[in-house]
Amino acid sequence: MKKALYFEKLKENKVQCKLCPQMCIISEGERGICFGRRNLNGELFAENYGRTISISLDPIEKKPLYHFYPGKEILSIGPNGCNLRCKFCQNYHISQQLSQTEKITPEELLKYCLQTKSVGVAYTYTEPFIWYEFIFDSAKLLQKNGKKVVLVTNGMINEEPLRKILPLIDAMNIDLKAFSDSFYKKYCSGHFMTVKNTIKICASQTHLEITNLIIPELNDSQKDIQNLVDFIASIDDEIPLHFSRYFPVYKLQKSPTPEKTLLQAYEIAKRKLKYVYVGNIRLSNTSDTFCPNCGELLISRGRFSAKVTKIDRDNRCKSCNHKLKGVNLFV
């Protein structure tokens with residue numbers, strides 16, 4: 001357990017956490033919404049420090065990151081809990097309820113990473129920002145030893161702590177749930193504007209990819225998709241966008257996203273964005289990377305594998321010399 005960063009002491013031995021926009025006011029002995037931060041004697045502690053629900057070696061495509069060391073593996077770990085309450089959470093058993101964890105130190109994490117063929121560590125599975133103090137300490141060690149640091153996150157973090165930790169982060173996939181404040185409030189108990197701000201800040205400071213889970217009747221209209229695409233394009237039309245297929249789970253029991261809806265979203269996004277992908281379903285060519293200039297197939301993908309074909313060591317298309325958005329695309 002470690003004393004938490006970003007909190008304020010209040011009257012009656014209460015504290016207010018200021019890490020994320022939930023701004024939890026926590027009474028003595030209680031935890032915040034994320035499960036990870038606890039008030040002990042009027043001080044806030046990161047009770048989840050170094051407590052991981054899993055540690056495994058995953059394909060980097062599983063994060064999903066398609067433009068960051070394609071075809072490589074990355075050591076993946078995550079905390080128990082989350083600062084959202086998504087009714088459609090696919091990992092609800094580890095994010096929405098208390099689960100068993102194991103202890104790992106930053107030094108042990110580095111050791112495991114060095115012993116594998118991993119390019120680094122991905123903080124994933126649940127919400128990594130609720131593990132702020134542990135990521136901050138372990139990321140510094142990883143960076144010092146030449147390993148990459150990846151976050152797979154919902155983007156729900158306040159600006160000050162985000163800017164402090166960003167220099168330690170090499171890549172992020174941010175899950176943009178929908179382009180609607182009402183959706184975030186009703187289905188996630190979240191803060192849409194904060195996530196938008198996180199995306200804007202991260203886009204210029206680290207490698208960024210975005211995922212959107214398309215849920216029938218909730219965020220799947222042409223207007224919904226167009227607004228989301230327009231927002232991303234206004235920042236950078238080379239940010240890779242991943243659409244994912246919804247399946248009924250947890251508290252939301254709608255039918256799976258139709259193939260037609262996913263293809264429609266793909267076509268809408270391709271009009272403005274250079275790199276668009278569809279996951280959780282096999283649809284022809286929607287997992288592959290094509291040169292946005294000449295259309296040449298550059299990276300072909302299976303389920304969680306990638307084969308780089310026509311990209312040189314400078315991330316340029318071998319056919320037309322177009323420079324691609326990404327990190328170490330040549331493998």
# chains A, B, ... in the order shown; residues from 1 in each chain; ligands from 1
>>> closest_atom_pairs(of="stretch 216-267 of chain A", to="stretch 288-294 of chain A", cutoff="12 Å", atoms="only C-alpha atoms", output="Markdown table")
| residue | atom | partner | partner_atom | distance |
| --- | --- | --- | --- | --- |
| A:Asp237 | CA | A:Pro292 | CA | 10.8 |
| A:Glu238 | CA | A:Pro292 | CA | 9.4 |
| A:Pro240 | CA | A:Thr289 | CA | 10.0 |
| A:Leu241 | CA | A:Thr289 | CA | 11.7 |
| A:His242 | CA | A:Asp288 | CA | 11.6 |
>>> residues_around(residues="A:Asn227", least_positions_apart="4", cutoff="7 Å", atoms="only C-alpha atoms", output="PyMOL selection string")
chain A and resi 179+223+231
>>> write_last_selection(atoms="N, CA and C atoms", output="mmCIF file, in the first residue's frame")
data_model
loop_
_atom_site.group_PDB
_atom_site.id
_atom_site.type_symbol
_atom_site.label_atom_id
_atom_site.label_comp_id
_atom_site.auth_asym_id
_atom_site.auth_seq_id
_atom_site.Cartn_x
_atom_site.Cartn_y
_atom_site.Cartn_z
ATOM 1 N N PHE A 179 -20.074 9.184 -28.745
ATOM 2 C CA PHE A 179 -19.847 10.627 -28.847
ATOM 3 C C PHE A 179 -21.062 11.358 -28.307
ATOM 4 N N LYS A 223 -25.432 9.249 -37.634
ATOM 5 C CA LYS A 223 -25.050 10.524 -37.008
ATOM 6 C C LYS A 223 -24.056 10.293 -35.878
ATOM 7 N N PHE A 231 -14.799 14.196 -35.012
ATOM 8 C CA PHE A 231 -13.985 14.616 -33.878
ATOM 9 C C PHE A 231 -12.547 14.114 -34.022
#
>>> residues_around(residues="A:Glu61", least_positions_apart="5", cutoff="8 Å", atoms="only C-alpha atoms", output="PDB file with C-alpha atoms, in the first residue's frame")
ATOM      1  CA  TYR A  66      -2.162  -2.008 -34.968  1.00  0.00           C
ATOM      2  CA  PRO A  70       2.904  -5.032 -35.175  1.00  0.00           C
ATOM      3  CA  GLY A  71       3.446  -8.760 -34.761  1.00  0.00           C
ATOM      4  CA  PHE A 304      -4.203 -11.664 -33.253  1.00  0.00           C
ATOM      5  CA  SER A 305      -1.262 -11.859 -35.634  1.00  0.00           C
ATOM      6  CA  ALA A 306       0.274  -9.536 -38.192  1.00  0.00           C
TER       7      ALA A 306
END
>>> residues_around(residues="stretch 31-41 of chain A", least_positions_apart="2", cutoff="9 Å", atoms="only C-alpha atoms", output="ChimeraX atom specification")
/A:4,13-15,17,22-29,43-49,79-85,95-98,127,130-131
>>> select_by_dssp(residues="stretch 76-128 of chain A", states="strand (DSSP E or B)", output="PyMOL selection string")
chain A and resi 76-78+102-103+120-123
>>> residues_around(residues="stretch 319-331 of chain A", least_positions_apart="2", cutoff="8 Å", atoms="only C-alpha atoms", output="list of chain:residue names")
A:His67, A:Phe68, A:Tyr69, A:Pro70, A:Gly71, A:His207, A:Glu238, A:Ile239, A:Cys291, A:Asn293, A:Cys294, A:Glu296, A:Val308, A:Lys310, A:Ile311, A:Asp312, A:Arg313, A:Asp314, A:Asn315, A:Arg316, A:Cys317
>>> residues_around(residues="A:Ile268", least_positions_apart="6", cutoff="8 Å", atoms="only C-alpha atoms", output="number ranges by chain")
A: 222, 225-226, 229
>>> select_by_dssp(residues="stretch 106-246 of chain A", states="alpha helix (DSSP H)", output="PDB file with C-alpha atoms, in the first residue's frame")
ATOM      1  CA  PRO A 106       7.947  -2.569 -10.041  1.00  0.00           C
ATOM      2  CA  GLU A 107      11.285  -4.385  -9.867  1.00  0.00           C
ATOM      3  CA  GLU A 108       9.638  -7.793 -10.310  1.00  0.00           C
ATOM      4  CA  LEU A 109       7.613  -6.504 -13.235  1.00  0.00           C
ATOM      5  CA  LEU A 110      10.770  -5.280 -14.951  1.00  0.00           C
ATOM      6  CA  LYS A 111      12.444  -8.637 -14.322  1.00  0.00           C
ATOM      7  CA  TYR A 112       9.536 -10.541 -15.892  1.00  0.00           C
ATOM      8  CA  CYS A 113       9.564  -8.194 -18.846  1.00  0.00           C
ATOM      9  CA  LEU A 114      13.287  -8.634 -19.456  1.00  0.00           C
ATOM     10  CA  GLN A 115      12.930 -12.417 -19.283  1.00  0.00           C
ATOM     11  CA  TYR A 132      -1.648   5.581 -11.118  1.00  0.00           C
ATOM     12  CA  GLU A 133       1.059   5.351  -8.464  1.00  0.00           C
ATOM     13  CA  PHE A 134       2.139   1.840  -9.459  1.00  0.00           C
ATOM     14  CA  ILE A 135       2.287   2.729 -13.151  1.00  0.00           C
ATOM     15  CA  PHE A 136       4.270   5.866 -12.382  1.00  0.00           C
ATOM     16  CA  ASP A 137       6.904   3.913 -10.426  1.00  0.00           C
ATOM     17  CA  SER A 138       7.140   0.883 -12.715  1.00  0.00           C
ATOM     18  CA  ALA A 139       7.031   2.875 -15.967  1.00  0.00           C
ATOM     19  CA  LYS A 140      10.131   4.812 -14.948  1.00  0.00           C
ATOM     20  CA  LEU A 141      12.007   1.531 -14.467  1.00  0.00           C
ATOM     21  CA  LEU A 142      10.768   0.118 -17.754  1.00  0.00           C
ATOM     22  CA  GLN A 143      11.654   3.246 -19.669  1.00  0.00           C
ATOM     23  CA  LYS A 144      15.133   3.329 -18.131  1.00  0.00           C
ATOM     24  CA  GLU A 159      -5.671  16.859 -16.778  1.00  0.00           C
ATOM     25  CA  GLU A 160      -2.976  17.526 -14.161  1.00  0.00           C
ATOM     26  CA  PRO A 161      -2.174  13.868 -13.358  1.00  0.00           C
ATOM     27  CA  LEU A 162      -2.465  12.990 -17.061  1.00  0.00           C
ATOM     28  CA  ARG A 163       0.139  15.537 -18.087  1.00  0.00           C
ATOM     29  CA  LYS A 164       2.463  14.402 -15.303  1.00  0.00           C
ATOM     30  CA  ILE A 165       2.477  10.746 -16.372  1.00  0.00           C
ATOM     31  CA  ASP A 181     -22.547  13.034 -22.875  1.00  0.00           C
ATOM     32  CA  SER A 182     -25.959  11.482 -22.215  1.00  0.00           C
ATOM     33  CA  PHE A 183     -24.643   8.032 -23.196  1.00  0.00           C
ATOM     34  CA  PHE A 192     -17.625  12.541 -21.814  1.00  0.00           C
ATOM     35  CA  MET A 193     -15.859  15.911 -21.865  1.00  0.00           C
ATOM     36  CA  THR A 194     -12.970  14.555 -19.806  1.00  0.00           C
ATOM     37  CA  VAL A 195     -12.432  11.695 -22.254  1.00  0.00           C
ATOM     38  CA  LYS A 196     -12.489  14.121 -25.188  1.00  0.00           C
ATOM     39  CA  ASN A 197      -9.899  16.271 -23.453  1.00  0.00           C
ATOM     40  CA  THR A 198      -7.698  13.256 -22.735  1.00  0.00           C
ATOM     41  CA  ILE A 199      -7.747  12.296 -26.413  1.00  0.00           C
ATOM     42  CA  LYS A 200      -6.831  15.811 -27.520  1.00  0.00           C
ATOM     43  CA  ILE A 201      -3.899  15.989 -25.103  1.00  0.00           C
ATOM     44  CA  CYS A 202      -2.560  12.501 -25.817  1.00  0.00           C
ATOM     45  CA  ALA A 203      -2.758  12.793 -29.604  1.00  0.00           C
ATOM     46  CA  GLN A 222     -25.001   7.210 -38.884  1.00  0.00           C
ATOM     47  CA  LYS A 223     -25.050  10.524 -37.008  1.00  0.00           C
ATOM     48  CA  ASP A 224     -23.386   8.939 -33.953  1.00  0.00           C
ATOM     49  CA  ILE A 225     -20.615   7.452 -36.074  1.00  0.00           C
ATOM     50  CA  GLN A 226     -20.157  10.581 -38.174  1.00  0.00           C
ATOM     51  CA  ASN A 227     -19.814  12.806 -35.094  1.00  0.00           C
ATOM     52  CA  LEU A 228     -17.215  10.488 -33.587  1.00  0.00           C
ATOM     53  CA  VAL A 229     -15.266  10.320 -36.854  1.00  0.00           C
ATOM     54  CA  ASP A 230     -15.418  14.088 -37.358  1.00  0.00           C
ATOM     55  CA  PHE A 231     -13.985  14.616 -33.878  1.00  0.00           C
ATOM     56  CA  ILE A 232     -11.049  12.277 -34.475  1.00  0.00           C
ATOM     57  CA  ALA A 233     -10.388  13.717 -37.932  1.00  0.00           C
ATOM     58  CA  SER A 234     -10.350  17.250 -36.504  1.00  0.00           C
ATOM     59  CA  ILE A 235      -7.405  16.215 -34.332  1.00  0.00           C
TER      60      ILE A 235
END
>>> residues_around(residues="A:Lys18", least_positions_apart="2", cutoff="7 Å", atoms="only C-alpha atoms", output="PDB file with C-alpha atoms, in the first residue's frame")
ATOM      1  CA  TYR A   6      -3.916  13.838  -5.968  1.00  0.00           C
ATOM      2  CA  PHE A   7      -6.275  14.135  -3.035  1.00  0.00           C
ATOM      3  CA  GLN A  16     -11.574  13.936  -1.814  1.00  0.00           C
ATOM      4  CA  CYS A  20     -10.272  11.407 -12.060  1.00  0.00           C
ATOM      5  CA  MET A  23     -13.896  13.356  -7.570  1.00  0.00           C
TER       6      MET A  23
END
>>> atom_distance(atom1="atom CA of A:Ser244", atom2="atom CA of A:Lys72")
21.4 Å
>>> atom_distance(atom1="atom CA of A:Leu176", atom2="atom CA of A:Arg303")
22.3 Å
